[in-house]
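Undergrad: Handing you this structure, nothing more for now.
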Amino acid sequence: MAATKNDALQALTAAALALPGLFPSADAAAANKPTADFQYGHYQESDDRISVDIYQGMATLPVNKSLQLQAGWVVDSFSGATPVLTMPASVAQAITGASGISGVDGSKIAAAGEQAIQVMTGASTRETRYGVDLGFSYKHDNLTLSASGNRSEEPDYLSHGYHVGADWDFNHKLSTLSLGFGQNFDRIEPTTRPLGEDKTDNHFQLGFTQVLDRQSLFRISGNYSHSSGYLSNPYKKVFIQGLASDSELQGGGFDNVFYEKRPDKRDQWSLSLGYIHYFSALESALHLDYRYFTDSWDIDSHTFEAVYHQPLAKGWMLIPRLRYYSQNSARFYQDFYSTPRADGNYSSDYRLAGFGTFSGGLKLSREWQQAGKLTESLKLEAGFEYSAHAAGLQLGGQTASDITDFDYVLFSGAIKIKF
């Protein structure tokens, strides 16, 4: 549901590195030992669509028993074809393969609900995003304060921001209350059109974690974010039939084709629930999570996830994962528009459509204790995940076109060192 290409890259990065255990754990921080993590992920969509290579690193350095410094970096390399326009098949002139269409027959009238085709960009040259995050955490008695700043840059997008947070342990450290606030300030300057726009995000977090007994833990968190400014994707286009010639939308190169326009404000809310249970007989743990999301664009989504951690002999760990996601479409989303909308907002970006995804993954890791003179432990991880993305997987059945259905795979690997 990203609003811009940069948002999409960040979402893909998060997805590609979201296999369980690929991010530094709180346990490592609590151990008051320096740590270093290096991770790689490869994301590939079917039919030679988007491909992303993700390189990420993070290091923690305890200064003393209370203060700890953190630094992280990420490099995303993005290439491949991606959907840029969906339009009625009846008005599309000669199809030219992966690059899309050669023109639009403006003399034909498209009917609402008729068959649509997807127009792809040609395979793009490789683009790279560089990101860095610096921060610290300070612990005093039962209170932990944290702050960080970040910067992300690519040829057409610049983002910088900060986040502050606090965690309070009470009830004999069986309960934890968490608070967080942050802002991001983005500048969008696409390479294919004369445009310079700004976007601002404000996000808030409130969470609570409770140890239920010796073998189980429950957590709940709520998130709210407010975005304002340019929230459209500067590369996406829409087919709108009958739009007045004096419309504020910029033409997209063909008859009835324009660059998309989304509302300039967006409020987003989410509620997450989590439960962890430890099985002493197997020395294993089951993680169950649910997330509900809603926003002012009328998108509602549900995410269900189950992750099982099973230790094996000699430091091996096997982690299978299942995930299901479903969302309905934004109120202004359509494959194409046979008539103009009254509010002037239009998007055919498939990330705003109604769809569902079903994913299954597996990660295998091996940890060595006292791996060397300078290291306390060394862990190697490798993971694989396959996902099906389809309108027909949406809760309640298919309510949108299936032309953007596709599959994708994630490959990932990591090395984690504790000094």
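Letters A, B, ... go to the chains of the structure tokens in the order shown; residues in each chain start at 1; ligands are counted from 1 in the same order.
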Extract, using only C-alpha atoms, all DNA, RNA and protein residues at most 8 Å from A:Gln115, discarding same-chain residues fewer than 2 positions from it, and format them as a list in words.
TA: Pro88, Ala89, Ser90, Gly113 and Ile117 of chain A
Undergrad: Would you kindly return, as a short mmCIF file (atom, residue, chain, number, x, y, z; two decimals) with all heavy atoms, in the first residue's frame, each protein, DNA or RNA residue with an atom no farther than 10 Å from any atom of A:Ser232, considering only C-alpha atoms and excluding same-chain residues fewer than 2 positions away?
TA:
data_model
loop_
_atom_site.label_atom_id
_atom_site.label_comp_id
_atom_site.auth_asym_id
_atom_site.auth_seq_id
_atom_site.Cartn_x
_atom_site.Cartn_y
_atom_site.Cartn_z
N ALA A 2 2.10 1.12 -0.50
CA ALA A 2 3.01 2.26 -0.47
C ALA A 2 2.52 3.38 -1.35
O ALA A 2 1.94 3.17 -2.39
CB ALA A 2 4.40 1.82 -0.92
N ALA A 3 2.78 4.61 -0.93
CA ALA A 3 2.32 5.76 -1.67
C ALA A 3 3.30 6.20 -2.72
O ALA A 3 2.94 6.87 -3.67
CB ALA A 3 2.04 6.92 -0.71
N THR A 4 4.58 5.85 -2.59
CA THR A 4 5.58 6.25 -3.56
C THR A 4 6.52 5.09 -3.78
O THR A 4 6.52 4.10 -3.07
CB THR A 4 6.38 7.46 -3.04
OG1 THR A 4 7.13 7.04 -1.91
CG2 THR A 4 5.47 8.62 -2.67
N LYS A 5 7.40 5.26 -4.81
CA LYS A 5 8.33 4.19 -5.11
C LYS A 5 9.26 3.95 -3.93
O LYS A 5 9.63 2.80 -3.64
CB LYS A 5 9.14 4.52 -6.35
CG LYS A 5 10.13 3.43 -6.77
CD LYS A 5 10.69 3.69 -8.15
CE LYS A 5 11.59 4.89 -8.17
NZ LYS A 5 12.81 4.70 -7.35
N LYS A 199 6.50 15.56 1.59
CA LYS A 199 5.59 14.70 2.35
C LYS A 199 6.07 14.64 3.79
O LYS A 199 7.29 14.58 4.04
CB LYS A 199 5.56 13.30 1.74
CG LYS A 199 4.85 12.24 2.56
CD LYS A 199 5.10 10.87 1.97
CE LYS A 199 4.58 9.76 2.86
NZ LYS A 199 4.95 8.42 2.36
N GLY A 229 0.76 16.04 2.56
CA GLY A 229 1.62 16.47 1.47
C GLY A 229 1.37 15.64 0.22
O GLY A 229 0.22 15.25 -0.07
N TYR A 230 2.41 15.34 -0.51
CA TYR A 230 2.29 14.60 -1.77
C TYR A 230 2.30 13.10 -1.46
O TYR A 230 3.34 12.51 -1.15
CB TYR A 230 3.43 14.96 -2.71
CG TYR A 230 3.31 14.34 -4.08
CD1 TYR A 230 2.46 14.88 -5.03
CD2 TYR A 230 4.05 13.21 -4.42
CE1 TYR A 230 2.33 14.31 -6.29
CE2 TYR A 230 3.94 12.64 -5.68
CZ TYR A 230 3.08 13.19 -6.61
OH TYR A 230 2.97 12.63 -7.86
N PRO A 234 4.49 9.21 -8.15
CA PRO A 234 4.73 10.08 -9.30
C PRO A 234 4.93 9.35 -10.61
O PRO A 234 4.97 9.98 -11.67
CB PRO A 234 6.00 10.84 -8.90
CG PRO A 234 6.70 9.93 -7.95
CD PRO A 234 5.60 9.23 -7.19
N TYR A 235 5.04 8.00 -10.57
CA TYR A 235 5.24 7.23 -11.79
C TYR A 235 3.98 6.51 -12.26
O TYR A 235 3.93 6.02 -13.39
CB TYR A 235 6.35 6.20 -11.58
CG TYR A 235 7.69 6.83 -11.27
CD1 TYR A 235 8.15 6.91 -9.97
CD2 TYR A 235 8.49 7.35 -12.29
CE1 TYR A 235 9.37 7.50 -9.67
CE2 TYR A 235 9.71 7.93 -12.01
CZ TYR A 235 10.15 8.01 -10.70
OH TYR A 235 11.36 8.60 -10.42
N LYS A 236 2.96 6.40 -11.40
CA LYS A 236 1.77 5.65 -11.75
C LYS A 236 0.79 6.51 -12.56
O LYS A 236 0.64 7.70 -12.30
CB LYS A 236 1.06 5.15 -10.49
CG LYS A 236 1.89 4.19 -9.65
CD LYS A 236 2.18 2.90 -10.37
CE LYS A 236 2.90 1.91 -9.45
NZ LYS A 236 3.26 0.66 -10.16
N TYR A 259 -1.50 11.14 -15.01
CA TYR A 259 -0.82 10.72 -13.80
C TYR A 259 -1.82 10.69 -12.65
O TYR A 259 -2.70 11.53 -12.56
CB TYR A 259 0.33 11.67 -13.46
CG TYR A 259 1.56 11.45 -14.31
CD1 TYR A 259 1.80 12.24 -15.44
CD2 TYR A 259 2.46 10.44 -14.00
CE1 TYR A 259 2.93 12.03 -16.24
CE2 TYR A 259 3.59 10.22 -14.77
CZ TYR A 259 3.81 11.02 -15.89
OH TYR A 259 4.91 10.80 -16.67
N GLU A 260 -1.68 9.69 -11.79
CA GLU A 260 -2.64 9.49 -10.72
C GLU A 260 -2.63 10.65 -9.72
O GLU A 260 -1.65 11.41 -9.61
CB GLU A 260 -2.36 8.18 -9.98
CG GLU A 260 -1.08 8.21 -9.14
CD GLU A 260 -1.07 7.14 -8.06
OE1 GLU A 260 -1.56 6.04 -8.29
OE2 GLU A 260 -0.57 7.43 -6.96
N LYS A 261 -3.71 10.73 -8.96
CA LYS A 261 -3.82 11.73 -7.89
C LYS A 261 -4.53 11.09 -6.70
O LYS A 261 -5.64 10.57 -6.83
CB LYS A 261 -4.60 12.96 -8.35
CG LYS A 261 -4.74 14.04 -7.25
CD LYS A 261 -5.54 15.22 -7.73
CE LYS A 261 -5.68 16.28 -6.63
NZ LYS A 261 -6.43 15.76 -5.46
N ARG A 262 -3.88 11.14 -5.54
CA ARG A 262 -4.45 10.62 -4.30
C ARG A 262 -4.73 11.78 -3.35
O ARG A 262 -4.21 12.89 -3.53
CB ARG A 262 -3.48 9.63 -3.65
CG ARG A 262 -3.04 8.51 -4.58
CD ARG A 262 -2.13 7.52 -3.89
NE ARG A 262 -1.54 6.59 -4.84
CZ ARG A 262 -0.74 5.57 -4.52
NH1 ARG A 262 -0.44 5.37 -3.24
NH2 ARG A 262 -0.24 4.78 -5.44
N PRO A 263 -5.51 11.56 -2.30
CA PRO A 263 -5.72 12.62 -1.31
C PRO A 263 -4.40 13.08 -0.71
O PRO A 263 -3.43 12.30 -0.64
CB PRO A 263 -6.60 11.94 -0.25
CG PRO A 263 -7.29 10.83 -0.99
CD PRO A 263 -6.30 10.35 -2.00
N ASP A 264 -4.35 14.33 -0.27
CA ASP A 264 -3.10 14.87 0.29
C ASP A 264 -3.01 14.68 1.79
O ASP A 264 -2.09 15.21 2.43
CB ASP A 264 -2.93 16.35 -0.08
CG ASP A 264 -4.08 17.21 0.45
OD1 ASP A 264 -4.96 16.68 1.17
OD2 ASP A 264 -4.11 18.41 0.13
N ASN A 345 -9.93 12.20 -7.13
CA ASN A 345 -8.84 11.30 -6.76
C ASN A 345 -8.93 10.02 -7.58
O ASN A 345 -10.01 9.43 -7.72
CB ASN A 345 -8.92 10.96 -5.26
CG ASN A 345 -8.67 12.17 -4.40
OD1 ASN A 345 -7.73 12.92 -4.64
ND2 ASN A 345 -9.50 12.38 -3.39
N TYR A 346 -7.77 9.57 -8.09
CA TYR A 346 -7.73 8.41 -8.97
C TYR A 346 -6.43 7.64 -8.74
O TYR A 346 -5.36 8.22 -8.63
CB TYR A 346 -7.76 8.84 -10.44
CG TYR A 346 -8.89 9.74 -10.85
CD1 TYR A 346 -8.78 11.12 -10.73
CD2 TYR A 346 -10.07 9.21 -11.37
CE1 TYR A 346 -9.82 11.96 -11.12
CE2 TYR A 346 -11.11 10.04 -11.77
CZ TYR A 346 -10.98 11.41 -11.64
OH TYR A 346 -12.01 12.25 -12.03
N SER A 347 -6.53 6.31 -8.67
CA SER A 347 -5.34 5.46 -8.65
C SER A 347 -5.69 4.07 -9.15
O SER A 347 -6.74 3.52 -8.79
CB SER A 347 -4.74 5.37 -7.25
OG SER A 347 -3.59 4.53 -7.26
N ASP A 349 -3.05 1.79 -8.87
CA ASP A 349 -1.92 1.10 -8.27
C ASP A 349 -2.43 -0.16 -7.57
O ASP A 349 -3.26 -0.08 -6.67
CB ASP A 349 -1.22 2.03 -7.28
CG ASP A 349 0.09 1.46 -6.77
OD1 ASP A 349 0.27 0.23 -6.79
OD2 ASP A 349 0.94 2.26 -6.33
#
Undergrad: Could you name the residues that touch stretch 295-307 of chain A at 7 Å or less, counting only C-alpha atoms, but leaving out those on the same chain fewer than 6 positions away, as an MDAnalysis selection string?
TA: chainID A and resid 266:269 286:289 319:331
Undergrad: Using Å and a single decimal, report how far atom CA of A:Ala116 sits from atom CA of A:Gly103.
TA: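 So the answer is 15.0 Å.
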Undergrad: Of the residues A:Thr176, A:Gln369, A:Asn202, A:Ser245, which is the one nearest to A:Leu217, using only C-alpha atoms?
TA: A:Thr176
Undergrad: Please determine, counting only C-alpha atoms, which residue among A:Gln334, A:Ser216, A:Ser225, A:Thr192 has the shortest atom-to-atom distance to A:Ser284.
TA: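 Selected residue with least distance to A:Ser284: A:Ser216.
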